[in-house]
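Engineer: Here it is, the structure, as structure tokens.
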Amino acid sequence: MANKNNKGLGRGIEALFADNSVDPEAETVVDIKLDQIRPNPYQPRQKFDTAALKDLARSIEKSGVFQPIIVRQPDPEVTRYEILAGERRFRASKMVKNDTIPAIVREVSESQMMEIAVLENLQREDLTPLEEAEAYEMLMTNLKLTQNEVSKRLGKSRPYIANYLRLLGLPKQVKELLQKKRLSMGQARTLLSLKDRSHMVSLANRAADGKMTVRALESVVDKMNGQVAEKPKKHTKQKSPYLRAGENAMQEKFGTQVSISESKEGQGRIEIEYLSDDDLNRILDILDVHLD
């Protein structure tokens, strides 16, 4: 059961609501039982810092929860709530075995809930690069957004979004190194430029074990790609503005490198690069192609 408490709290997340329809002064804070609340199913953060949670739990045990969490009630007929913001406070309150937590209940749609989860976490800037990439992909897939639309909603450049999405094409072993922070975002991006993908995992392990700098890794990748001895090709036919625009549009849609070549007038070839089986499945999903 939710019990009424103070009013006028909960500022800080209203900026996450695009329609600005929320009046925090008119909101009521209620005490909600912890066992009636579940985390946001769209929470992009996969791991929470245990030491930081314990510190927060000690503070809550001593002084209580000063800032209410924000929740939604999916079904008005059922006393069940989902967290929009404040999962750390919720987890810490459970650690000290509190029965209730102060909360603000807001009417929010499923799509708004997803977007709020991503925005609230991005504002904290403590997501891993992989978690951030997965958050962008979730917005694009579930809300049917393009990279350009995601970039505008989140205030990021389109190339910034594209660079993160490319991380999803890394092999599983490389993703694990990135998630564990043994590889940096810069190292991961450098590995993506490796032409021979069969060497990517071994090179990633070398970079992680040897604490290789991004510049040193770039040098190794350049040598492996044969760029040192490579000479610029002559007499390369310039692509028309139409083809270049088509490549850019498709790269934005698929989040990967796309090449369009013209063999003769009216005919040509489209090549879409993928970096792993998971990346191929992601592209097939975008194309709405389902293999039985």
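Order determines the names: the first chain of the structure tokens is A, the second B, and so forth; residues in each chain are numbered 1 upward, and ligands are numbered 1 upward as they are shown.
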Name the residues of stretch 37-201 of chain A that come out as helix (DSSP H, G or I) in a backbone DSSP run; write them as JSON, numbers by chain.
Structural biologist: {"A": [50, 51, 52, 53, 54, 55, 56, 57, 58, 59, 60, 61, 62, 63, 87, 88, 89, 90, 91, 92, 93, 94, 95, 110, 111, 112, 113, 114, 115, 116, 117, 118, 119, 120, 121, 122, 123, 124, 129, 130, 131, 132, 133, 134, 135, 136, 137, 138, 139, 140, 141, 142, 147, 148, 149, 150, 151, 152, 153, 154, 158, 159, 160, 161, 162, 163, 164, 165, 166, 167, 168, 169, 172, 173, 174, 175, 176, 177, 178, 179, 185, 186, 187, 188, 189, 190, 191, 192, 197, 198, 199, 200, 201]}
Engineer: Show me a table, sorted first by chain and then by increasing residue number, of the residues of stretch 120-197 of chain A having an atom at most 9 Å from stretch 262-282 of chain A, each with its shortest atom pair and the distance in Å to one decimal, counting only C-alpha atoms and written as JSON lines.
Structural biologist:
{"residue": "A:Arg166", "atom": "CA", "partner": "A:Leu275", "partner_atom": "CA", "distance": 8.7}
{"residue": "A:Leu168", "atom": "CA", "partner": "A:Asp279", "partner_atom": "CA", "distance": 6.6}
{"residue": "A:Gly169", "atom": "CA", "partner": "A:Asp279", "partner_atom": "CA", "distance": 4.7}
{"residue": "A:Leu170", "atom": "CA", "partner": "A:Leu275", "partner_atom": "CA", "distance": 6.2}
{"residue": "A:Pro171", "atom": "CA", "partner": "A:Ser276", "partner_atom": "CA", "distance": 6.0}
{"residue": "A:Lys172", "atom": "CA", "partner": "A:Ser276", "partner_atom": "CA", "distance": 8.6}
{"residue": "A:Leu192", "atom": "CA", "partner": "A:Leu275", "partner_atom": "CA", "distance": 8.1}
{"residue": "A:Arg197", "atom": "CA", "partner": "A:Leu275", "partner_atom": "CA", "distance": 7.5}
Engineer: State, in Å with one decimal place, the distance from atom CA of A:Val71 to atom CA of A:Gln36.
Structural biologist: 10.9 Å
Engineer: Excluding A:Ala133 and its own-chain neighbours fewer than 4 positions away, which residues fall within 8 Å of it when counting only C-alpha atoms? Please give them as a list in words.
Structural biologist: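 What passes the distance filter is Pro129, Glu137, Ile161, Tyr164, Leu165, Leu167 and Leu168 of chain A.
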Engineer: From the DSSP assignment of the backbone, select every residue of stretch 130-277 of chain A that is strand (DSSP E or B), and format the answer as a ChimeraX atom specification.
Structural biologist: /A:258-264,267-272
Engineer: Using N, CA, C and O atoms, can you export the residues from the last selection as a PDB file, in the first residue's frame?
Structural biologist:
ATOM      1  N   VAL A 258      28.952   0.635 -45.397  1.00  0.00           N
ATOM      2  CA  VAL A 258      28.199   0.221 -46.582  1.00  0.00           C
ATOM      3  C   VAL A 258      28.885   0.802 -47.812  1.00  0.00           C
ATOM      4  O   VAL A 258      29.279   1.967 -47.822  1.00  0.00           O
ATOM      5  N   SER A 259      29.048  -0.039 -48.835  1.00  0.00           N
ATOM      6  CA  SER A 259      29.672   0.417 -50.084  1.00  0.00           C
ATOM      7  C   SER A 259      28.735   0.143 -51.254  1.00  0.00           C
ATOM      8  O   SER A 259      28.192  -0.958 -51.379  1.00  0.00           O
ATOM      9  N   ILE A 260      28.540   1.152 -52.087  1.00  0.00           N
ATOM     10  CA  ILE A 260      27.747   0.994 -53.302  1.00  0.00           C
ATOM     11  C   ILE A 260      28.666   1.236 -54.484  1.00  0.00           C
ATOM     12  O   ILE A 260      29.292   2.289 -54.599  1.00  0.00           O
ATOM     13  N   SER A 261      28.789   0.239 -55.352  1.00  0.00           N
ATOM     14  CA  SER A 261      29.639   0.379 -56.543  1.00  0.00           C
ATOM     15  C   SER A 261      28.792   0.200 -57.791  1.00  0.00           C
ATOM     16  O   SER A 261      27.850  -0.594 -57.811  1.00  0.00           O
ATOM     17  N   GLU A 262      29.150   0.933 -58.822  1.00  0.00           N
ATOM     18  CA  GLU A 262      28.393   0.910 -60.075  1.00  0.00           C
ATOM     19  C   GLU A 262      29.235   0.220 -61.143  1.00  0.00           C
ATOM     20  O   GLU A 262      30.347   0.665 -61.463  1.00  0.00           O
ATOM     21  N   SER A 263      28.744  -0.909 -61.665  1.00  0.00           N
ATOM     22  CA  SER A 263      29.484  -1.636 -62.694  1.00  0.00           C
ATOM     23  C   SER A 263      29.238  -1.032 -64.076  1.00  0.00           C
ATOM     24  O   SER A 263      30.138  -0.893 -64.889  1.00  0.00           O
ATOM     25  N   LYS A 264      27.998  -0.707 -64.347  1.00  0.00           N
ATOM     26  CA  LYS A 264      27.651   0.027 -65.550  1.00  0.00           C
ATOM     27  C   LYS A 264      26.356   0.787 -65.267  1.00  0.00           C
ATOM     28  O   LYS A 264      25.710   0.573 -64.241  1.00  0.00           O
ATOM     29  N   GLN A 267      23.264  -0.391 -63.159  1.00  0.00           N
ATOM     30  CA  GLN A 267      23.539  -1.642 -62.447  1.00  0.00           C
ATOM     31  C   GLN A 267      24.713  -1.448 -61.496  1.00  0.00           C
ATOM     32  O   GLN A 267      25.582  -0.607 -61.716  1.00  0.00           O
ATOM     33  N   GLY A 268      24.747  -2.254 -60.419  1.00  0.00           N
ATOM     34  CA  GLY A 268      25.846  -2.130 -59.472  1.00  0.00           C
ATOM     35  C   GLY A 268      25.717  -3.142 -58.354  1.00  0.00           C
ATOM     36  O   GLY A 268      24.994  -4.135 -58.458  1.00  0.00           O
ATOM     37  N   ARG A 269      26.411  -2.870 -57.261  1.00  0.00           N
ATOM     38  CA  ARG A 269      26.451  -3.796 -56.134  1.00  0.00           C
ATOM     39  C   ARG A 269      26.440  -3.009 -54.826  1.00  0.00           C
ATOM     40  O   ARG A 269      27.061  -1.953 -54.726  1.00  0.00           O
ATOM     41  N   ILE A 270      25.700  -3.557 -53.845  1.00  0.00           N
ATOM     42  CA  ILE A 270      25.675  -2.975 -52.505  1.00  0.00           C
ATOM     43  C   ILE A 270      26.317  -3.970 -51.550  1.00  0.00           C
ATOM     44  O   ILE A 270      25.926  -5.141 -51.505  1.00  0.00           O
ATOM     45  N   GLU A 271      27.327  -3.532 -50.798  1.00  0.00           N
ATOM     46  CA  GLU A 271      28.006  -4.387 -49.832  1.00  0.00           C
ATOM     47  C   GLU A 271      27.806  -3.818 -48.424  1.00  0.00           C
ATOM     48  O   GLU A 271      28.122  -2.652 -48.179  1.00  0.00           O
ATOM     49  N   ILE A 272      27.263  -4.639 -47.536  1.00  0.00           N
ATOM     50  CA  ILE A 272      27.039  -4.240 -46.144  1.00  0.00           C
ATOM     51  C   ILE A 272      27.990  -5.048 -45.263  1.00  0.00           C
ATOM     52  O   ILE A 272      27.942  -6.275 -45.251  1.00  0.00           O
TER      53      ILE A 272
END
Engineer: I want to know what sits within 10 Å of A:Leu178, based on only C-alpha atoms, with residues of the same chain fewer than 2 positions away left out; could you give that as a PyMOL selection string?
Structural biologist: chain A and resi 128-130+167+170+172-176+180-185+187-188+204+208
Engineer: Could you write those residues out with N, CA and C atoms, as a short mmCIF file (atom, residue, chain, number, x, y, z; two decimals), in the first residue's frame?
Structural biologist:
data_model
loop_
_atom_site.label_atom_id
_atom_site.label_comp_id
_atom_site.auth_asym_id
_atom_site.auth_seq_id
_atom_site.Cartn_x
_atom_site.Cartn_y
_atom_site.Cartn_z
N THR A 128 29.32 1.58 -19.19
CA THR A 128 30.46 1.13 -19.99
C THR A 128 30.14 1.42 -21.46
N PRO A 129 31.16 1.50 -22.32
CA PRO A 129 30.88 1.74 -23.75
C PRO A 129 29.91 0.72 -24.34
N LEU A 130 30.03 -0.54 -23.92
CA LEU A 130 29.15 -1.57 -24.45
C LEU A 130 27.71 -1.37 -23.99
N LEU A 167 30.47 -1.05 -31.99
CA LEU A 167 31.04 -1.93 -30.96
C LEU A 167 30.25 -3.23 -30.83
N LEU A 170 31.66 -6.38 -32.49
CA LEU A 170 32.89 -7.01 -32.02
C LEU A 170 32.62 -8.47 -31.62
N LYS A 172 32.51 -11.79 -29.32
CA LYS A 172 32.11 -11.90 -27.92
C LYS A 172 33.28 -11.73 -26.96
N GLN A 173 34.43 -12.35 -27.29
CA GLN A 173 35.58 -12.28 -26.39
C GLN A 173 36.10 -10.85 -26.26
N VAL A 174 36.05 -10.10 -27.35
CA VAL A 174 36.50 -8.70 -27.32
C VAL A 174 35.51 -7.85 -26.52
N LYS A 175 34.22 -8.13 -26.68
CA LYS A 175 33.20 -7.41 -25.90
C LYS A 175 33.42 -7.61 -24.41
N GLU A 176 33.78 -8.82 -24.02
CA GLU A 176 34.01 -9.10 -22.60
C GLU A 176 35.18 -8.29 -22.06
N LYS A 180 34.79 -5.45 -19.15
CA LYS A 180 35.59 -5.54 -17.92
C LYS A 180 36.59 -4.38 -17.80
N LYS A 181 36.55 -3.47 -18.77
CA LYS A 181 37.42 -2.29 -18.81
C LYS A 181 38.89 -2.65 -18.99
N ARG A 182 39.15 -3.82 -19.57
CA ARG A 182 40.52 -4.19 -19.91
C ARG A 182 40.90 -3.59 -21.26
N LEU A 183 39.88 -3.24 -22.05
CA LEU A 183 40.07 -2.51 -23.30
C LEU A 183 39.34 -1.19 -23.20
N SER A 184 39.92 -0.15 -23.78
CA SER A 184 39.26 1.16 -23.80
C SER A 184 38.41 1.30 -25.05
N MET A 185 37.57 2.32 -25.06
CA MET A 185 36.76 2.62 -26.24
C MET A 185 37.66 2.87 -27.45
N GLN A 187 40.70 1.71 -28.03
CA GLN A 187 41.29 0.45 -28.50
C GLN A 187 40.27 -0.37 -29.28
N ALA A 188 39.04 -0.41 -28.77
CA ALA A 188 38.00 -1.18 -29.45
C ALA A 188 37.73 -0.61 -30.84
N ALA A 204 43.30 -8.30 -29.60
CA ALA A 204 42.65 -7.66 -28.45
C ALA A 204 43.26 -8.15 -27.14
N ALA A 208 45.20 -5.91 -24.36
CA ALA A 208 44.76 -5.88 -22.95
C ALA A 208 45.87 -6.34 -22.01
#
Engineer: Mind pulling up the distance from atom CA of A:Pro102 to atom CA of A:Glu27?
Structural biologist: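 Atom CA of A:Pro102 lies at a distance of 12.5 Å from atom CA of A:Glu27.
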Engineer: What's the 12 Å shell around A:Val220, counting only C-alpha atoms, without same-chain residues fewer than 2 positions away, as a ChimeraX atom specification?
Structural biologist: /A:187,190-191,193-194,199-200,203-204,206-207,212-218,222-228
Engineer: Rank A:Arg38, A:Arg45, A:Lys253, A:Arg58 by their smallest atom-to-atom distance to A:Glu120, using only C-alpha atoms, and report the top residue only.
Structural biologist: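 Looking only at the distances to A:Glu120, the closest residue turns out to be A:Arg45.
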Engineer: When distances are computed from only C-alpha atoms, which of A:Val108, A:Ala57, A:Leu143, A:Ala117 shows the smallest separation from A:Ser93?
Structural biologist: A:Ala57
Engineer: Can you tell me which residues surround A:Arg89 at a distance of at most 12 Å, considering only C-alpha atoms, apart from same-chain residues fewer than 4 positions away, and format the answer as a JSON list (two decimals) with C-alpha atoms, in the first residue's frame?
Structural biologist:
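Done, and the output landed in part-v4.json:
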[["chain", "number", "residue", "atom", "x", "y", "z"],
["A", 34, "LEU", "CA", 9.79, -2.49, -1.74],
["A", 39, "PRO", "CA", 13.58, -2.48, -11.59],
["A", 48, "PHE", "CA", 26.21, -1.76, -10.08],
["A", 52, "ALA", "CA", 29.24, 2.35, -3.74],
["A", 53, "LEU", "CA", 25.93, 0.58, -3.03],
["A", 54, "LYS", "CA", 27.14, -0.40, 0.44],
["A", 55, "ASP", "CA", 28.12, 3.22, 1.14],
["A", 56, "LEU", "CA", 24.69, 4.38, 0.03],
["A", 57, "ALA", "CA", 23.04, 1.66, 2.12],
["A", 58, "ARG", "CA", 24.89, 2.83, 5.25],
["A", 59, "SER", "CA", 23.77, 6.40, 4.56],
["A", 60, "ILE", "CA", 20.15, 5.31, 4.08],
["A", 61, "GLU", "CA", 20.26, 3.21, 7.24],
["A", 64, "GLY", "CA", 16.89, 7.60, 5.35],
["A", 65, "VAL", "CA", 16.19, 8.26, 1.66],
["A", 66, "PHE", "CA", 16.24, 12.01, 1.03],
["A", 67, "GLN", "CA", 15.34, 11.97, -2.67],
["A", 68, "PRO", "CA", 12.34, 9.84, -3.67],
["A", 69, "ILE", "CA", 12.63, 7.39, -6.52],
["A", 70, "ILE", "CA", 10.33, 7.79, -9.53],
["A", 83, "ILE", "CA", 11.32, 2.11, -11.48],
["A", 84, "LEU", "CA", 11.92, 5.03, -13.82],
["A", 85, "ALA", "CA", 14.77, 6.58, -11.84],
["A", 93, "SER", "CA", 17.16, 0.21, 0.70],
["A", 94, "LYS", "CA", 16.72, -3.52, 0.16],
["A", 95, "MET", "CA", 20.24, -4.13, 1.47],
["A", 96, "VAL", "CA", 19.34, -2.55, 4.83],
["A", 98, "ASN", "CA", 13.76, -1.38, 4.70],
["A", 100, "THR", "CA", 9.21, 0.96, 2.09],
["A", 101, "ILE", "CA", 10.81, 3.72, 0.06],
["A", 102, "PRO", "CA", 9.57, 7.26, -0.77],
["A", 103, "ALA", "CA", 8.47, 7.49, -4.39]]
Engineer: At what distance in Å, to one decimal, does atom CA of A:Lys33 lie from atom CA of A:Tyr81?
Structural biologist: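 Atom-to-atom, atom CA of A:Tyr81 and atom CA of A:Lys33 are spaced 9.7 Å apart.
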